[in-house]
Each structure stands twice: as C-alpha cells, then as structure tokens.
Amino acid sequence: MNYLYLDTVTSTNDYAKRNIDLISDKTVVYTSNQTKGRGRFNRLWVDLGQENLFISIVLKPSLNFNNSYSCLTQYTGLKLAQTFVEYGVTPNIKWPNDILINGKKISGILAETVYKDRVLKGIIVGVGINLNANEEDFAKIDKAVTSLNIETNSEIDKNTFLKSFINIFSEDYDAFLQKGFLFIKDDYEKYINFIGKEISITNINDKFTGTAEKITDDGAIVISGKKFYTGDIL
Ligand code: BTN
C-alpha cells in the first residue's frame, strides 16, 4: 500500500475522485482534518477532531473486473471489525458495513466508483473511524455513536490504528478479489447479530420490514424471503 497524507481536505473521497488519474492502485489517502465529510445517502460525516481518522483507499481494478468488487464494503467492514478486536472490544457489523460497538456506531464506509467516458477509473473506499472523542462531541450527531477511546478507556494512537487496519486489510485482499464474498463469509457472519430478528431496510424511498434470514453467498441480505444488495438497516 502507498500512503498519501493530507493536512486538511474537504473530503478524502472527493480528493481521491478529483485526482484519480494521479493516484496509483492501493493508495491510502488520509487526513485528520476533514471539513466536509460525506456519509452514505448524502448524510454528513462529522469531524470529531484531530485524533480521528478519515481514510479513502483507492483501488484500481484491472480489466478482469469481477463480482468481488461489489462486496468490497463488506470486506472492508470485516477488516475494520478485526482491527477493533485487537483493541479488546467486541464489534458488530450492521449489514452491509457499519461497525457498531455496544449498539453504537464507531465507523462507517462509503464506497464510490469513478467513471470517465464510461471507463472505470477506480473504486474509492472511504472509511471514517471515531478513535478519540468526548461524550459531549456526540451532541453534534443525531444517532447513537461511540469512539474507541471511550470503549477502551484509553487514548488511541491514530497512526498505530491506521497501520494495523491497513495490514489486516492487505493480508487477504488479493485472495478476496480472486475468490469473492464466499472467501470471507464465515468470518463476516461472526460479527452479525441480527439474524432471526425483525428489521427494517430502506432504499431511498422504500421501506421493507421483515425477519432477517441470512446473508447469501454473494453478500446480499435476505429479509422475509426478499433479497437486498443495497440498503440501510434501521
Ligand atoms: C456512512 O456511515 O454513512 C459512511 C461514512 C463515510 C465517511 C468517510 S470519512 C473518509 C471518507 N471521505 C468522506 O467524505 N467520507 C468517507
């Protein structure tokens, strides 16, 4: 992996998009000062201060682009969860890729594709991680959120976390690209805790409620017999 540190930026995903031609495959663009971070479904991603991480991993699929790429967010979610485990906490993955600890969100992923003249230029996997925050900072956010320092009762070194996450991400990346979601399915399922429960999923304007039945071999979720590849679980 290559690293590209930015002092301050509106959004690492936007920066990576704008500069996609200049950034090589497997580059980690990161900052601790992000002024206009974006979340999924056009939400904001709030900057909780200097000791947090905002990352965009730039990946450039070769011509034999395959299905694995559509499960990159699940892959990234799993690798984040495994990184959190090293800190002694117990993360859960809220399908497809939010990471929760004790039911509170600690990390989110926004993956975006960049096309120019119908040619795929790259995939940007944006990751926001709450490493160090004060409870009062969460007043800015209208959801249950937490940070690693609060969960572990100790300050987190952001560079150590970044290295550890990127190592864990890199370890299985090539094998995952070759083998697809099935390669990580068993590990991914260890972090899922809503199978058998009633959940609601939204996709832009639609909402569907039912029993979460399973994760399929291609990374989708089945809710009361209906298969979803994208969506937001409420
Ligand atoms: C979500 O949970 O909705 C996804 C949040 C993704 C936030 C990260 S922070 C780094 C990267 N740059 C952005 O503007 N967004 C992603």
# chains A, B, ... in the order shown; residues from 1 in each chain; ligands from 1
>>> closest_atom_pairs(of="stretch 105-166 of chain A", to="stretch 21-37 of chain A", cutoff="12 Å", atoms="only C-alpha atoms", output="CSV")
residue,atom,partner,partner_atom,distance
A:Gly108,CA,A:Gly37,CA,11.4
A:Ile109,CA,A:Gly37,CA,11.5
A:Leu110,CA,A:Gly37,CA,10.3
A:Val114,CA,A:Asp21,CA,10.3
A:Tyr115,CA,A:Asp21,CA,11.0
A:Lys116,CA,A:Asp21,CA,10.1
A:Leu120,CA,A:Asp21,CA,11.1
A:Lys121,CA,A:Asp21,CA,7.5
A:Gly122,CA,A:Asp25,CA,8.1
A:Ile123,CA,A:Asp25,CA,9.4
A:Ile124,CA,A:Val28,CA,9.6
A:Val125,CA,A:Val28,CA,9.4
A:Gly126,CA,A:Val29,CA,9.1
A:Val127,CA,A:Tyr30,CA,9.4
A:Gly128,CA,A:Gly37,CA,8.7
A:Ile129,CA,A:Ser32,CA,10.3
A:Asn130,CA,A:Ser32,CA,10.8
A:Leu131,CA,A:Ser32,CA,10.7
A:Asn132,CA,A:Ser32,CA,11.1
A:Lys158,CA,A:Ser32,CA,9.0
A:Asn159,CA,A:Ser32,CA,10.5
A:Leu162,CA,A:Tyr30,CA,9.4
A:Lys163,CA,A:Val28,CA,10.6
A:Phe165,CA,A:Val28,CA,11.1
A:Ile166,CA,A:Val28,CA,8.4
>>> residues_around(residues="A:Ile195", least_positions_apart="4", cutoff="8 Å", atoms="only C-alpha atoms", output="PyMOL selection string")
chain A and resi 211-214
>>> select_by_dssp(residues="stretch 29-192 of chain A", states="alpha helix (DSSP H)", output="JSON, numbers by chain")
{"A": [72, 73, 74, 75, 76, 77, 78, 79, 80, 81, 82, 83, 84, 85, 148, 149, 150, 151, 152, 158, 159, 160, 161, 162, 163, 164, 165, 166, 167, 168, 169, 170, 171, 172, 173, 174, 175, 176, 177, 178, 179, 182, 183, 184, 185, 186, 187, 188, 189]}
>>> residues_around(residues="A:Phe228", least_positions_apart="2", cutoff="12 Å", atoms="only C-alpha atoms", output="PyMOL selection string")
chain A and resi 95-96+200-203+206-208+212-216+218-226+230-233
>>> closest_atom_pairs(of="stretch 138-207 of chain A", to="stretch 100-104 of chain A", cutoff="9 Å", atoms="only C-alpha atoms", output="CSV")
residue,atom,partner,partner_atom,distance
A:Lys143,CA,A:Lys104,CA,8.1
A:Ala144,CA,A:Lys104,CA,5.0
A:Val145,CA,A:Lys104,CA,4.6
A:Thr146,CA,A:Lys104,CA,5.6
A:Ser147,CA,A:Ile101,CA,8.7
A:Leu148,CA,A:Ile101,CA,8.9
A:Glu151,CA,A:Ile101,CA,7.9
>>> select_by_dssp(residues="stretch 1-34 of chain A", states="strand (DSSP E or B)", output="ChimeraX atom specification")
/A:2-5,9,27-31,34
>>> closest_residue(among="A:Ile168, A:Ala111, A:Val119, A:Leu182", to="A:Lys79", atoms="only C-alpha atoms")
A:Ile168
>>> closest_residue(among="A:Glu112, A:Asp172, A:Asp186, A:Glu136", to="A:Ser70", atoms="only C-alpha atoms")
A:Glu112
>>> atom_distance(atom1="atom CA of A:Tyr5", atom2="atom CA of A:Ile55")
9.4 Å
>>> residues_around(residues="A:Leu80", least_positions_apart="5", cutoff="9 Å", atoms="only C-alpha atoms", output="PyMOL selection string")
chain A and resi 75+85+99+107+165+168-169
>>> closest_residue(among="A:Thr8, A:Asn67, A:Asn2, A:Thr83", to="ligand 1", atoms="only C-alpha atoms and all ligand atoms")
A:Thr8
>>> decode(residues="stretch 194-206 of chain A", atoms="all heavy atoms", output="PDB file, in the first residue's frame")
ATOM      1  N   PHE A 194     -28.001  -9.913  13.961  1.00  0.00           N
ATOM      2  CA  PHE A 194     -29.435  -9.635  13.813  1.00  0.00           C
ATOM      3  C   PHE A 194     -30.207 -10.732  13.088  1.00  0.00           C
ATOM      4  O   PHE A 194     -31.382 -10.584  12.821  1.00  0.00           O
ATOM      5  CB  PHE A 194     -29.650  -8.299  13.097  1.00  0.00           C
ATOM      6  CG  PHE A 194     -28.891  -8.190  11.811  1.00  0.00           C
ATOM      7  CD1 PHE A 194     -29.311  -8.885  10.695  1.00  0.00           C
ATOM      8  CD2 PHE A 194     -27.747  -7.409  11.732  1.00  0.00           C
ATOM      9  CE1 PHE A 194     -28.597  -8.813   9.520  1.00  0.00           C
ATOM     10  CE2 PHE A 194     -27.030  -7.334  10.554  1.00  0.00           C
ATOM     11  CZ  PHE A 194     -27.456  -8.040   9.441  1.00  0.00           C
ATOM     12  N   ILE A 195     -29.529 -11.838  12.746  1.00  0.00           N
ATOM     13  CA  ILE A 195     -30.246 -12.912  12.044  1.00  0.00           C
ATOM     14  C   ILE A 195     -31.339 -13.465  12.985  1.00  0.00           C
ATOM     15  O   ILE A 195     -31.100 -13.681  14.173  1.00  0.00           O
ATOM     16  CB  ILE A 195     -29.263 -14.035  11.618  1.00  0.00           C
ATOM     17  CG1 ILE A 195     -28.202 -13.473  10.669  1.00  0.00           C
ATOM     18  CG2 ILE A 195     -30.006 -15.224  10.986  1.00  0.00           C
ATOM     19  CD1 ILE A 195     -28.688 -12.915   9.346  1.00  0.00           C
ATOM     20  N   GLY A 196     -32.539 -13.632  12.413  1.00  0.00           N
ATOM     21  CA  GLY A 196     -33.659 -14.120  13.215  1.00  0.00           C
ATOM     22  C   GLY A 196     -34.472 -12.991  13.836  1.00  0.00           C
ATOM     23  O   GLY A 196     -35.554 -13.214  14.361  1.00  0.00           O
ATOM     24  N   LYS A 197     -33.960 -11.779  13.750  1.00  0.00           N
ATOM     25  CA  LYS A 197     -34.681 -10.653  14.359  1.00  0.00           C
ATOM     26  C   LYS A 197     -35.477  -9.887  13.304  1.00  0.00           C
ATOM     27  O   LYS A 197     -35.169  -9.952  12.118  1.00  0.00           O
ATOM     28  CB  LYS A 197     -33.690  -9.693  15.023  1.00  0.00           C
ATOM     29  CG  LYS A 197     -32.938 -10.318  16.162  1.00  0.00           C
ATOM     30  CD  LYS A 197     -32.227  -9.270  16.985  1.00  0.00           C
ATOM     31  CE  LYS A 197     -31.454  -9.968  18.115  1.00  0.00           C
ATOM     32  NZ  LYS A 197     -30.181  -9.378  18.385  1.00  0.00           N
ATOM     33  N   GLU A 198     -36.439  -9.129  13.775  1.00  0.00           N
ATOM     34  CA  GLU A 198     -37.210  -8.285  12.857  1.00  0.00           C
ATOM     35  C   GLU A 198     -36.425  -6.999  12.601  1.00  0.00           C
ATOM     36  O   GLU A 198     -35.988  -6.338  13.541  1.00  0.00           O
ATOM     37  CB  GLU A 198     -38.572  -7.962  13.474  1.00  0.00           C
ATOM     38  CG  GLU A 198     -39.311  -6.951  12.628  1.00  0.00           C
ATOM     39  CD  GLU A 198     -40.820  -7.088  12.696  1.00  0.00           C
ATOM     40  OE1 GLU A 198     -41.314  -8.208  12.509  1.00  0.00           O
ATOM     41  OE2 GLU A 198     -41.470  -6.066  12.941  1.00  0.00           O
ATOM     42  N   ILE A 199     -36.232  -6.684  11.321  1.00  0.00           N
ATOM     43  CA  ILE A 199     -35.510  -5.452  10.985  1.00  0.00           C
ATOM     44  C   ILE A 199     -36.221  -4.747   9.835  1.00  0.00           C
ATOM     45  O   ILE A 199     -37.011  -5.353   9.112  1.00  0.00           O
ATOM     46  CB  ILE A 199     -34.032  -5.718  10.584  1.00  0.00           C
ATOM     47  CG1 ILE A 199     -33.945  -6.668   9.382  1.00  0.00           C
ATOM     48  CG2 ILE A 199     -33.226  -6.244  11.741  1.00  0.00           C
ATOM     49  CD1 ILE A 199     -32.539  -6.759   8.802  1.00  0.00           C
ATOM     50  N   SER A 200     -35.909  -3.456   9.677  1.00  0.00           N
ATOM     51  CA  SER A 200     -36.436  -2.698   8.539  1.00  0.00           C
ATOM     52  C   SER A 200     -35.266  -2.250   7.696  1.00  0.00           C
ATOM     53  O   SER A 200     -34.208  -1.892   8.216  1.00  0.00           O
ATOM     54  CB  SER A 200     -37.182  -1.460   9.015  1.00  0.00           C
ATOM     55  OG  SER A 200     -38.341  -1.836   9.687  1.00  0.00           O
ATOM     56  N   ILE A 201     -35.480  -2.272   6.386  1.00  0.00           N
ATOM     57  CA  ILE A 201     -34.430  -1.820   5.475  1.00  0.00           C
ATOM     58  C   ILE A 201     -35.008  -0.726   4.587  1.00  0.00           C
ATOM     59  O   ILE A 201     -36.178  -0.814   4.171  1.00  0.00           O
ATOM     60  CB  ILE A 201     -33.871  -3.006   4.652  1.00  0.00           C
ATOM     61  CG1 ILE A 201     -32.650  -2.587   3.841  1.00  0.00           C
ATOM     62  CG2 ILE A 201     -34.925  -3.646   3.756  1.00  0.00           C
ATOM     63  CD1 ILE A 201     -31.852  -3.767   3.291  1.00  0.00           C
ATOM     64  N   THR A 202     -34.225   0.316   4.330  1.00  0.00           N
ATOM     65  CA  THR A 202     -34.709   1.366   3.411  1.00  0.00           C
ATOM     66  C   THR A 202     -33.768   1.450   2.218  1.00  0.00           C
ATOM     67  O   THR A 202     -32.571   1.227   2.327  1.00  0.00           O
ATOM     68  CB  THR A 202     -34.741   2.770   4.058  1.00  0.00           C
ATOM     69  OG1 THR A 202     -33.447   3.081   4.526  1.00  0.00           O
ATOM     70  CG2 THR A 202     -35.742   2.855   5.162  1.00  0.00           C
ATOM     71  N   ASN A 203     -34.370   1.765   1.083  1.00  0.00           N
ATOM     72  CA  ASN A 203     -33.624   2.027  -0.149  1.00  0.00           C
ATOM     73  C   ASN A 203     -34.234   3.289  -0.736  1.00  0.00           C
ATOM     74  O   ASN A 203     -35.321   3.258  -1.269  1.00  0.00           O
ATOM     75  CB  ASN A 203     -33.795   0.864  -1.127  1.00  0.00           C
ATOM     76  CG  ASN A 203     -32.656  -0.112  -1.009  1.00  0.00           C
ATOM     77  OD1 ASN A 203     -31.501   0.266  -1.147  1.00  0.00           O
ATOM     78  ND2 ASN A 203     -32.995  -1.359  -0.745  1.00  0.00           N
ATOM     79  N   ILE A 204     -33.571   4.394  -0.576  1.00  0.00           N
ATOM     80  CA  ILE A 204     -34.090   5.705  -0.972  1.00  0.00           C
ATOM     81  C   ILE A 204     -35.494   5.913  -0.380  1.00  0.00           C
ATOM     82  O   ILE A 204     -35.596   6.254   0.774  1.00  0.00           O
ATOM     83  CB  ILE A 204     -33.989   5.942  -2.485  1.00  0.00           C
ATOM     84  CG1 ILE A 204     -32.535   5.577  -2.911  1.00  0.00           C
ATOM     85  CG2 ILE A 204     -34.262   7.427  -2.833  1.00  0.00           C
ATOM     86  CD1 ILE A 204     -32.241   5.689  -4.347  1.00  0.00           C
ATOM     87  N   ASN A 205     -36.565   5.637  -1.176  1.00  0.00           N
ATOM     88  CA  ASN A 205     -37.890   5.914  -0.602  1.00  0.00           C
ATOM     89  C   ASN A 205     -38.626   4.685  -0.073  1.00  0.00           C
ATOM     90  O   ASN A 205     -39.637   4.813   0.591  1.00  0.00           O
ATOM     91  CB  ASN A 205     -38.780   6.614  -1.639  1.00  0.00           C
ATOM     92  CG  ASN A 205     -38.258   8.009  -1.908  1.00  0.00           C
ATOM     93  OD1 ASN A 205     -37.819   8.692  -0.990  1.00  0.00           O
ATOM     94  ND2 ASN A 205     -38.266   8.410  -3.169  1.00  0.00           N
ATOM     95  N   ASP A 206     -38.109   3.504  -0.398  1.00  0.00           N
ATOM     96  CA  ASP A 206     -38.827   2.296   0.003  1.00  0.00           C
ATOM     97  C   ASP A 206     -38.392   1.810   1.371  1.00  0.00           C
ATOM     98  O   ASP A 206     -37.225   1.893   1.719  1.00  0.00           O
ATOM     99  CB  ASP A 206     -38.538   1.164  -0.994  1.00  0.00           C
ATOM    100  CG  ASP A 206     -39.167   1.459  -2.336  1.00  0.00           C
ATOM    101  OD1 ASP A 206     -40.112   2.269  -2.357  1.00  0.00           O
ATOM    102  OD2 ASP A 206     -38.702   0.884  -3.333  1.00  0.00           O
TER     103      ASP A 206
END
